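S.K.: As input, take work-v2.cif (mmCIF, C-alpha atoms and all ligand atoms):
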data_work
loop_
_atom_site.label_atom_id
_atom_site.label_comp_id
_atom_site.auth_asym_id
_atom_site.auth_seq_id
_atom_site.Cartn_x
_atom_site.Cartn_y
_atom_site.Cartn_z
CA MET A 607 69.11 24.57 -1.35
CA PRO A 608 69.39 21.90 1.35
CA PRO A 609 68.02 18.48 0.34
CA ASN A 610 65.20 18.80 2.84
CA SER A 611 63.64 21.73 1.02
CA VAL A 612 63.72 19.83 -2.27
CA LEU A 613 61.80 17.03 -0.65
CA PHE A 614 59.43 19.53 0.86
CA LEU A 615 58.74 21.11 -2.53
CA LEU A 616 58.15 17.72 -4.10
CA VAL A 617 55.66 16.84 -1.40
CA ILE A 618 53.79 20.09 -1.96
CA CYS A 619 53.63 19.52 -5.72
CA ALA A 620 52.43 15.96 -5.26
CA THR A 621 49.70 17.18 -2.95
CA ILE A 622 48.50 19.81 -5.37
CA VAL A 623 48.40 17.40 -8.27
CA ASP A 624 47.17 14.24 -6.61
CA SER A 625 44.45 15.11 -4.22
CA ARG A 626 43.33 18.64 -4.77
CA GLY A 627 43.84 19.17 -8.47
CA PHE A 628 45.19 22.32 -10.05
CA PHE A 629 42.73 24.66 -8.41
CA GLY A 630 43.45 28.33 -8.08
CA ILE A 631 46.08 28.53 -10.82
CA PRO A 632 45.16 31.40 -13.14
CA GLY A 633 45.04 31.13 -16.94
CA ASP A 634 43.15 29.47 -19.78
CA TYR A 635 43.58 25.75 -20.32
CA CYS A 636 40.54 23.69 -21.41
CA SER A 637 39.11 26.78 -23.11
CA THR A 638 42.17 27.00 -25.43
CA ARG A 639 41.59 23.52 -26.89
CA THR A 640 39.88 23.11 -30.27
CA HIS A 641 37.46 20.58 -28.82
CA THR A 642 37.42 22.20 -25.40
CA CYS A 643 36.25 19.21 -23.31
CA CYS A 644 36.21 15.44 -23.88
CA GLU A 645 33.53 12.97 -22.96
CA ASN A 646 34.24 10.00 -20.68
CA ARG A 647 37.89 9.08 -20.12
CA ASP A 648 40.34 10.40 -22.69
CA ASP A 649 44.01 10.33 -21.67
CA ASP A 650 44.98 12.55 -24.61
CA CYS A 651 42.61 15.31 -23.53
CA THR A 652 45.29 17.37 -21.80
CA VAL A 653 46.89 20.83 -21.64
CA PRO A 654 50.45 21.53 -20.33
CA ILE A 655 50.56 23.24 -16.96
CA LEU A 656 53.25 24.21 -14.39
CA GLY A 657 56.15 23.48 -16.74
CA ASP A 658 56.12 19.77 -17.52
CA HIS A 659 52.83 18.72 -15.90
CA LEU A 660 49.61 17.95 -17.74
CA CYS A 661 46.11 18.80 -16.65
CA TYR A 662 43.00 17.11 -18.04
CA CYS A 663 39.77 18.28 -19.64
CA ASP A 664 38.01 14.90 -19.83
CA MET A 665 35.02 13.91 -17.71
CA PHE A 666 37.21 11.38 -15.87
CA CYS A 667 39.49 14.03 -14.36
CA ASP A 668 37.25 14.66 -11.34
CA ARG A 669 36.74 11.38 -9.50
CA GLY A 670 35.15 12.80 -6.39
CA PRO A 671 36.64 13.83 -3.06
CA ASP A 672 38.60 10.56 -2.56
CA GLY A 673 39.29 9.53 -6.13
CA GLY A 674 41.69 12.32 -7.01
CA ASN A 675 41.41 15.26 -9.30
CA ASP A 676 43.78 16.19 -12.14
CA CYS A 677 41.45 18.59 -13.94
CA CYS A 678 42.69 21.86 -15.41
CA PRO A 679 41.87 24.89 -13.25
CA ASP A 680 39.21 26.07 -15.68
CA PHE A 681 37.61 22.61 -16.07
CA GLU A 682 34.57 23.37 -13.92
CA ALA A 683 33.81 26.65 -15.64
CA THR A 684 34.55 25.46 -19.17
CA CYS A 685 33.34 21.86 -19.20
CA ARG A 686 30.78 21.46 -16.45
CA GLY A 687 29.25 24.88 -16.91
CA LYS A 688 28.68 24.02 -20.55
CA ASP A 689 27.10 20.68 -19.69
CA ILE A 690 24.62 22.26 -17.38
CA GLN A 691 23.67 25.00 -19.76
CA ASN A 692 23.02 22.38 -22.42
CA ASP A 693 20.88 20.48 -20.00
CA GLN A 694 18.84 23.43 -18.92
CA ARG A 695 18.38 24.92 -22.31
CA MET A 696 15.37 24.08 -24.45
CA ASP A 697 12.63 25.92 -22.53
CA GLY A 698 12.07 29.09 -24.57
CA GLU A 699 14.31 28.00 -27.45
CA SER A 700 12.89 28.21 -30.92
CA CYS A 701 11.44 25.18 -32.69
CA SER A 702 10.12 24.80 -36.20
CA MET A 703 7.01 22.61 -36.02
CA ASP A 704 4.20 23.63 -33.68
CA GLY A 705 2.84 20.57 -31.87
CA ASP A 706 6.18 18.69 -31.92
CA THR A 707 6.99 17.05 -28.59
CA LYS A 708 10.31 16.12 -27.00
CA GLU A 709 11.39 14.75 -23.63
CA LYS A 710 13.88 16.52 -21.36
CA ASN A 711 14.70 14.24 -18.43
CA CYS A 712 11.22 13.65 -16.91
CA GLU A 713 9.65 16.70 -18.52
CA LYS A 714 7.60 16.74 -21.65
CA CYS A 715 8.23 19.71 -23.92
CA THR A 716 5.90 20.90 -26.68
CA CYS A 717 6.56 23.28 -29.52
CA GLN A 718 4.14 26.18 -29.17
CA ASN A 719 4.17 29.28 -31.41
CA GLY A 720 7.71 28.51 -32.47
CA LEU A 721 9.10 28.08 -28.93
CA TRP A 722 9.70 24.97 -26.80
CA LYS A 723 7.56 24.90 -23.66
CA CYS A 724 8.34 22.27 -20.98
CA ASP A 725 5.80 21.15 -18.37
CA GLY A 726 7.95 21.89 -15.30
CA THR A 727 7.61 18.48 -13.60
CA ALA A 728 10.20 17.98 -10.82
CA CYS A 729 12.49 15.09 -11.74
CA LEU A 730 14.00 12.37 -9.56
CA ILE A 731 17.50 13.25 -10.80
CA GLN A 732 17.87 17.03 -10.72
CA PRO A 733 21.08 17.82 -12.68
CA ASP A 734 21.68 21.20 -11.04
CA ILE A 735 21.49 19.65 -7.54
CA LEU A 736 23.72 16.80 -8.70
CA GLU A 737 26.24 19.37 -9.87
CA LYS A 738 26.15 21.29 -6.58
CA LEU A 739 26.65 18.06 -4.66
CA HIS A 740 29.62 17.27 -6.92
CA THR A 741 31.37 20.58 -6.44
CA GLY A 742 30.35 21.66 -2.93
CA ARG A 743 31.57 20.48 0.43
CA PHE A 744 29.27 17.68 1.57
CA SER A 745 29.79 14.58 3.70
CA TRP A 746 28.30 12.45 0.89
CA THR A 747 28.51 12.13 -2.87
CA ALA A 748 25.73 11.93 -5.44
CA ARG A 749 25.30 10.06 -8.69
CA ASN A 750 23.04 10.09 -11.74
CA TYR A 751 21.26 6.72 -11.74
CA SER A 752 20.07 5.71 -15.18
CA ALA A 753 17.17 3.83 -13.55
CA PHE A 754 16.01 7.15 -12.06
CA TRP A 755 16.78 9.39 -15.04
CA GLY A 756 13.61 10.44 -16.86
CA ARG A 757 11.41 9.67 -13.83
CA SER A 758 9.46 12.25 -11.89
CA LEU A 759 10.10 12.95 -8.23
CA SER A 760 6.49 12.12 -7.37
CA ASP A 761 6.86 8.68 -8.99
CA GLY A 762 10.00 8.09 -6.93
CA ILE A 763 8.15 8.90 -3.72
CA LYS A 764 5.20 6.77 -4.81
CA TYR A 765 7.02 3.68 -6.12
CA ARG A 766 10.33 3.57 -4.24
CA LEU A 767 9.04 4.25 -0.73
CA GLY A 768 6.16 2.49 0.87
CA THR A 769 5.96 2.98 4.57
CA LEU A 770 3.44 4.96 6.54
CA PHE A 771 4.70 6.33 9.80
CA PRO A 772 3.16 4.07 12.51
CA GLU A 773 -0.09 5.19 14.05
CA ARG A 774 -0.19 6.34 17.63
CA SER A 775 -1.17 2.97 19.08
CA VAL A 776 1.86 1.33 17.44
CA GLN A 777 4.12 4.23 18.37
CA ASN A 778 3.11 3.72 21.98
CA MET A 779 4.22 0.08 22.04
CA ASN A 780 6.20 -0.63 25.19
CA GLU A 781 9.92 -0.37 24.70
CA ILE A 782 12.08 -3.29 25.72
CA LEU A 783 14.50 -2.72 28.53
CA ILE A 784 18.07 -2.79 27.35
CA LYS A 785 20.98 -3.49 29.65
CA PRO A 786 23.75 -1.05 28.76
CA ARG A 787 27.07 -2.44 27.57
CA GLU A 788 30.32 -1.08 26.36
CA LEU A 789 30.04 0.18 22.79
CA PRO A 790 32.92 0.15 20.31
CA GLU A 791 33.52 3.01 17.86
CA HIS A 792 32.61 0.80 14.89
CA PHE A 793 30.21 -2.11 14.68
CA ASP A 794 28.90 -4.12 11.73
CA SER A 795 26.57 -7.02 12.47
CA ARG A 796 27.66 -8.75 9.25
CA ASP A 797 30.89 -9.56 11.08
CA ASN A 798 29.01 -11.71 13.62
CA ASP A 799 27.96 -14.50 11.35
CA ARG A 800 24.85 -16.03 12.85
CA ARG A 801 24.16 -19.14 10.89
CA GLY A 802 20.52 -19.66 10.03
CA LEU A 803 18.66 -22.89 9.32
CA ARG A 804 18.83 -24.73 6.04
CA CYS A 805 15.90 -23.78 3.76
CA PRO A 806 13.34 -26.56 3.17
CA SER A 807 14.34 -26.51 -0.50
CA GLY A 808 17.84 -27.55 0.57
CA SER A 809 19.31 -24.74 -1.50
CA GLN A 810 22.97 -24.25 -0.57
CA ASP A 811 23.17 -20.50 -0.86
CA SER A 812 20.12 -19.49 1.17
CA THR A 813 19.25 -19.93 4.80
CA ALA A 814 16.04 -19.47 6.75
CA PHE A 815 15.89 -17.34 9.86
CA LYS A 816 13.15 -17.70 12.44
CA MET A 817 12.23 -14.71 14.53
CA THR A 818 10.05 -13.68 17.40
CA PRO A 819 7.32 -11.04 17.10
CA PRO A 820 8.77 -7.53 16.73
CA TYR A 821 9.20 -5.12 19.62
CA LYS A 822 9.99 -1.44 19.87
CA VAL A 823 13.50 -0.22 20.71
CA SER A 824 13.96 3.12 22.45
CA SER A 825 15.02 6.17 20.44
CA ARG A 826 18.21 6.63 22.43
CA GLU A 827 21.30 6.21 20.32
CA GLU A 828 23.02 3.97 22.91
CA ASP A 829 19.97 1.72 23.25
CA ILE A 830 19.80 1.18 19.50
CA GLN A 831 23.53 0.40 19.47
CA THR A 832 23.19 -2.06 22.34
CA GLU A 833 20.25 -3.75 20.64
CA LEU A 834 22.29 -4.12 17.44
CA MET A 835 25.17 -5.73 19.34
CA THR A 836 22.99 -7.96 21.46
CA ASN A 837 20.22 -9.08 19.13
CA GLY A 838 21.29 -8.11 15.62
CA PRO A 839 19.92 -5.72 12.98
CA VAL A 840 16.81 -3.60 13.52
CA GLN A 841 14.32 -1.86 11.28
CA ALA A 842 14.12 1.93 11.21
CA THR A 843 11.51 4.12 9.52
CA PHE A 844 12.76 7.50 8.35
CA VAL A 845 11.91 10.42 6.08
CA VAL A 846 13.31 10.19 2.57
CA HIS A 847 13.85 13.58 0.96
CA GLU A 848 14.35 14.26 -2.75
CA ASP A 849 18.18 14.33 -2.57
CA PHE A 850 18.39 10.83 -1.03
CA PHE A 851 17.58 9.23 -4.40
CA MET A 852 20.87 10.62 -5.78
CA TYR A 853 22.98 9.29 -2.86
CA ALA A 854 26.11 7.48 -4.02
CA GLY A 855 28.30 7.19 -0.90
CA GLY A 856 29.51 8.83 2.31
CA VAL A 857 27.45 9.94 5.28
CA TYR A 858 24.08 11.20 4.11
CA GLN A 859 22.78 14.45 5.56
CA HIS A 860 19.76 16.04 3.95
CA SER A 861 20.73 19.19 2.05
CA ASP A 862 18.50 22.19 1.42
CA LEU A 863 19.59 22.49 -2.23
CA ALA A 864 16.13 21.56 -3.53
CA ALA A 865 14.36 23.84 -1.06
CA GLN A 866 16.50 26.71 -2.37
CA LYS A 867 14.97 26.11 -5.80
CA GLY A 868 11.42 26.34 -4.48
CA ALA A 869 8.66 24.20 -3.04
CA SER A 870 7.97 22.37 -6.30
CA SER A 871 11.44 20.72 -6.24
CA VAL A 872 10.89 19.30 -2.76
CA ALA A 873 9.18 16.04 -1.79
CA GLU A 874 9.36 13.48 0.99
CA GLY A 875 7.91 10.22 2.23
CA TYR A 876 8.53 7.52 4.84
CA HIS A 877 10.67 4.50 4.11
CA SER A 878 11.85 1.53 6.16
CA VAL A 879 15.39 0.19 6.10
CA ARG A 880 17.58 -2.23 8.04
CA VAL A 881 20.10 -0.70 10.42
CA LEU A 882 22.99 -3.09 10.90
CA GLY A 883 25.85 -1.15 12.41
CA TRP A 884 27.50 2.17 13.08
CA GLY A 885 30.80 3.96 12.83
CA VAL A 886 32.57 7.30 12.66
CA ASP A 887 33.65 8.82 9.35
CA HIS A 888 36.89 10.79 9.38
CA SER A 889 37.23 11.45 5.64
CA THR A 890 36.14 15.10 5.79
CA GLY A 891 38.63 15.96 8.54
CA ARG A 892 35.91 16.29 11.15
CA PRO A 893 34.49 13.11 12.74
CA ILE A 894 30.90 12.37 11.68
CA LYS A 895 28.98 9.61 13.47
CA TYR A 896 26.81 7.44 11.25
CA TRP A 897 24.46 4.49 11.14
CA LEU A 898 25.20 1.80 8.58
CA CYS A 899 21.95 0.81 6.84
CA ALA A 900 20.79 -1.49 4.07
CA ASN A 901 18.37 -0.09 1.50
CA SER A 902 16.16 -2.16 -0.81
CA TRP A 903 16.92 -0.45 -4.14
CA GLY A 904 19.40 -3.04 -5.42
CA THR A 905 23.19 -3.24 -5.25
CA GLN A 906 23.60 -0.65 -8.04
CA TRP A 907 22.38 2.02 -5.66
CA GLY A 908 24.53 3.68 -2.97
CA GLU A 909 27.49 1.79 -1.53
CA ASP A 910 26.65 -1.62 -2.97
CA GLY A 911 23.04 -1.26 -1.79
CA TYR A 912 24.05 0.14 1.61
CA PHE A 913 24.18 3.73 2.87
CA LYS A 914 25.38 5.70 5.88
CA ILE A 915 23.30 8.36 7.59
CA LEU A 916 24.08 10.83 10.37
CA ARG A 917 23.78 9.22 13.84
CA GLY A 918 22.74 10.66 17.19
CA ASP A 919 20.72 13.59 15.89
CA ASN A 920 17.49 11.80 14.95
CA HIS A 921 18.35 12.93 11.44
CA CYS A 922 15.32 12.46 9.14
CA GLU A 923 13.67 10.73 12.15
CA ILE A 924 15.95 7.70 11.72
CA GLU A 925 16.02 7.08 15.48
CA SER A 926 12.37 7.79 16.23
CA PHE A 927 10.81 4.42 15.43
CA VAL A 928 13.13 1.44 15.62
CA VAL A 929 11.81 -2.10 15.70
CA GLY A 930 13.73 -5.21 16.67
CA ALA A 931 13.15 -8.95 16.75
CA TRP A 932 15.05 -11.85 18.27
CA GLY A 933 16.49 -14.17 15.73
CA LYS A 934 16.28 -17.89 16.44
CA GLY A 935 19.20 -19.64 14.87
CA SER A 936 20.93 -22.40 16.82
CA LYS A 937 19.19 -24.51 19.45
CA ARG A 938 21.08 -23.00 22.34
CA ARG A 939 20.26 -19.55 21.20
CA ARG A 940 16.63 -20.46 20.74
CA ARG A 941 16.17 -21.74 24.29
CA PHE A 942 17.85 -18.68 25.66
CA LYS A 943 15.72 -16.36 23.61
CA MET A 944 12.45 -18.13 24.29
CA ARG A 945 12.90 -17.63 27.99
CA LYS A 946 13.39 -13.97 27.41
CA LEU A 947 10.40 -13.87 25.13
CA ARG A 948 8.13 -15.49 27.70
CA ARG A 949 9.14 -12.84 30.15
CA PHE A 950 8.55 -10.23 27.49
CA ARG A 951 5.04 -11.57 26.77
CA LYS A 952 4.22 -11.48 30.47
CA MET A 953 5.00 -7.81 30.51
CA PHE A 954 2.15 -7.20 28.11
CA LYS A 955 -0.45 -9.35 29.93
C1 LIG B 1001 22.03 10.68 -16.59
O1 LIG B 1001 22.02 9.39 -17.17
C2 LIG B 1001 21.19 9.29 -18.32
C3 LIG B 1001 21.13 7.85 -18.78
O2 LIG B 1001 22.01 7.00 -18.18
C4 LIG B 1001 21.69 10.22 -19.39
O3 LIG B 1001 20.89 10.12 -20.55
C5 LIG B 1001 21.67 11.63 -18.87
O4 LIG B 1001 22.19 12.53 -19.82
C6 LIG B 1001 22.49 11.74 -17.58
N1 LIG B 1001 22.30 13.08 -17.04
C7 LIG B 1001 23.28 13.78 -16.47
C8 LIG B 1001 22.93 15.12 -15.98
O5 LIG B 1001 24.40 13.35 -16.35
#
Would you kindly transcribe this structure into structure tokens?
M.R.:
Amino acid sequence: MPPNSVLFLLVICATIVDSRGFFGIPGDYCSTRTHTCCENRDDDCTVPILGDHLCYCDMFCDRGPDGGNDCCPDFEATCRGKDIQNDQRMDGESCSMDGDTKEKNCEKCTCQNGLWKCDGTACLIQPDILEKLHTGRFSWTARNYSAFWGRSLSDGIKYRLGTLFPERSVQNMNEILIKPRELPEHFDSRDNDRRGLRCPSGSQDSTAFKMTPPYKVSSREEDIQTELMTNGPVQATFVVHEDFFMYAGGVYQHSDLAAQKGASSVAEGYHSVRVLGWGVDHSTGRPIKYWLCANSWGTQWGEDGYFKILRGDNHCEIESFVVGAWGKGSKRRRRFKMRKLRRFRKMFK
């Protein structure tokens, strides 16, 4: 065999093992182990495969689309399948003491006539949807947040969102005129450090920003981009659907996984976030345009508190009501902006 083919074979093997896992190889692996699957990371939780390779049956083996996958071919069926069944069991299972109660995620279950009966509340973390997002082909990944586990979907909508879509009079605010400019493929306003003023407290690590009254930005993608480049971040109000709570990273696009389960698993509400940039994601092999946004659910959520959402399609109404304001940082900037503002005020007189 010429040396080139050896190299070629090695490359193929490395690809199978490193990025795509051992999918599609027939046989029993995890299911032949005494303790079939292992919790968390367990480097000894392996089975030999393909001669001198090892595949894994621990929960660490599948680290998402970018993190690599060295799970045994039957990992999903043997280990995940079992997890889910455990999770969904209980309803209809026998119990010994009538009147006993138990919690299952956000549901309350009661022992009635020897059988567990759960109340059917839709939960903020829906394990079956989480699982589908883990295994299916999506442009974003999902996570089980312990702060959301055990909470109902309706509480999530009620306590985590808090915007009403603007009334007609506000919606009809005049839009500012934006002079088009050349737009790069990626933009992040955090890269343009605009120094604010020192806080009155003198605190070193915080700065005060002054701003003008807010104004409406048009719903055109290019206008929002130009506004971001020219005047900095804007506020957008969009529809949050049930699956958004489970967002962990990537470019969010609302899935219909909950709708497939029925109307009671679906919920939505309006929410306002800061849009600070944009880009194009190439990780799925097909370019996906996104907005880079900051949420207000803490840094534990999403990508360090930030998320990406599909751009240019008014996805979840993200482009339909965008509000901007001129920041007033340095003196030069202030004078410049005030002139503009005066002109802007005149427009409304
Ligand atoms: C989600 O996390 C909670 C607590 O952190 C845990 O009790 C629960 O079993 C997890 N659920 C799933 C489906 O992973």
S.K.: Any chance you could tabulate, as a Markdown table, the residues of chain A at most 6 Å from ligand LIG 1001 (chain B) with each one's nearest atom pair and distance in Å to one decimal, using all atoms listed in the file, in chain and rising number order?
M.R.:
| residue | atom | partner | partner_atom | distance |
| --- | --- | --- | --- | --- |
| A:Pro733 | CA | B:LIG1001 | C8 | 4.6 |
| A:Asn750 | CA | B:LIG1001 | C1 | 5.0 |
| A:Ser752 | CA | B:LIG1001 | O2 | 3.8 |
| A:Trp755 | CA | B:LIG1001 | C2 | 5.5 |
S.K.: With distances taken over all atoms listed in the file, which of A:Asp797, A:Gly883, A:His792, A:Asp849 is nearest to Ala865 (chain A)?
M.R.: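 Of the candidates, the smallest distance to Ala865 (chain A) is held by A:Asp849.
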S.K.: Would you write out, as JSON lines, a table of all residues in region 807-913 of chain A that have an atom no more than 7 Å from an atom of region 920-929 of chain A, listing for each the closest atom pair and the distance in Å to one decimal, considering all atoms listed in the file and ordering rows by chain and rising residue number?
M.R.:
{"residue": "A:Pro820", "atom": "CA", "partner": "A:Val929", "partner_atom": "CA", "distance": 6.3}
{"residue": "A:Tyr821", "atom": "CA", "partner": "A:Val929", "partner_atom": "CA", "distance": 5.6}
{"residue": "A:Lys822", "atom": "CA", "partner": "A:Val929", "partner_atom": "CA", "distance": 4.6}
{"residue": "A:Val823", "atom": "CA", "partner": "A:Val928", "partner_atom": "CA", "distance": 5.4}
{"residue": "A:Ser825", "atom": "CA", "partner": "A:Glu925", "partner_atom": "CA", "distance": 5.1}
{"residue": "A:Val840", "atom": "CA", "partner": "A:Val929", "partner_atom": "CA", "distance": 5.7}
{"residue": "A:Gln841", "atom": "CA", "partner": "A:Val929", "partner_atom": "CA", "distance": 5.1}
{"residue": "A:Ala842", "atom": "CA", "partner": "A:Val928", "partner_atom": "CA", "distance": 4.5}
{"residue": "A:Thr843", "atom": "CA", "partner": "A:Phe927", "partner_atom": "CA", "distance": 6.0}
{"residue": "A:Phe844", "atom": "CA", "partner": "A:Ile924", "partner_atom": "CA", "distance": 4.6}
{"residue": "A:Val845", "atom": "CA", "partner": "A:Cys922", "partner_atom": "CA", "distance": 5.0}
S.K.: Report as AutoDock Vina command-line options the centre and the edge lengths, in Å to one decimal, of the axis-aligned box holding every listed atom of region 887-901 of chain A, padded by 3 Å on each side.
M.R.:
--center_x 28.5 --center_y 7.4 --center_z 7.5 --size_x 26.3 --size_y 23.8 --size_z 18.0
S.K.: Counting only C-alpha atoms, which of A:Ala814, A:Ile915, A:Val886, A:Leu736 gets nearest to Cys899 (chain A)?
M.R.: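 When distances to Cys899 (chain A) are compared using only C-alpha atoms, the smallest one comes from A:Ile915.
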S.K.: If I take CA of Asp887 (chain A) and CA of Gln859 (chain A), how far is one from the other in Å, to one decimal?
M.R.: 12.8 Å
S.K.: My list of candidates is A:Gly911, A:Gly630, A:Gly742, A:Pro790. Which is closest to Gly885 (chain A) when distances are computed with only C-alpha atoms?
M.R.: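 Selected residue with least distance to Gly885 (chain A): A:Pro790.
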S.K.: Could you pull the residues within 8 Å of Tyr635 (chain A), counting all atoms listed in the file, minus those fewer than 2 positions along the same chain, as a ChimeraX atom specification?
M.R.: /A:633,637-639,653,678-681
S.K.: Residues within 9 Å of region 697-703 of chain A, please, as a compact mmCIF listing (two decimals) with C-alpha atoms, in the coordinates of the input. Count all atoms listed in the file; anything in the same chain fewer than 4 positions from it doesn't count.
M.R.:
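Saved result, result_37.txt, follows:
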# COMPACT_ATOMS: atom_id res chain seq x y z
CA CYS A 715 8.23 19.71 -23.92
CA CYS A 717 6.56 23.28 -29.52
CA GLN A 718 4.14 26.18 -29.17
CA ASN A 719 4.17 29.28 -31.41
CA GLY A 720 7.71 28.51 -32.47
CA LEU A 721 9.10 28.08 -28.93
CA TRP A 722 9.70 24.97 -26.80
CA LYS A 723 7.56 24.90 -23.66
CA CYS A 724 8.34 22.27 -20.98
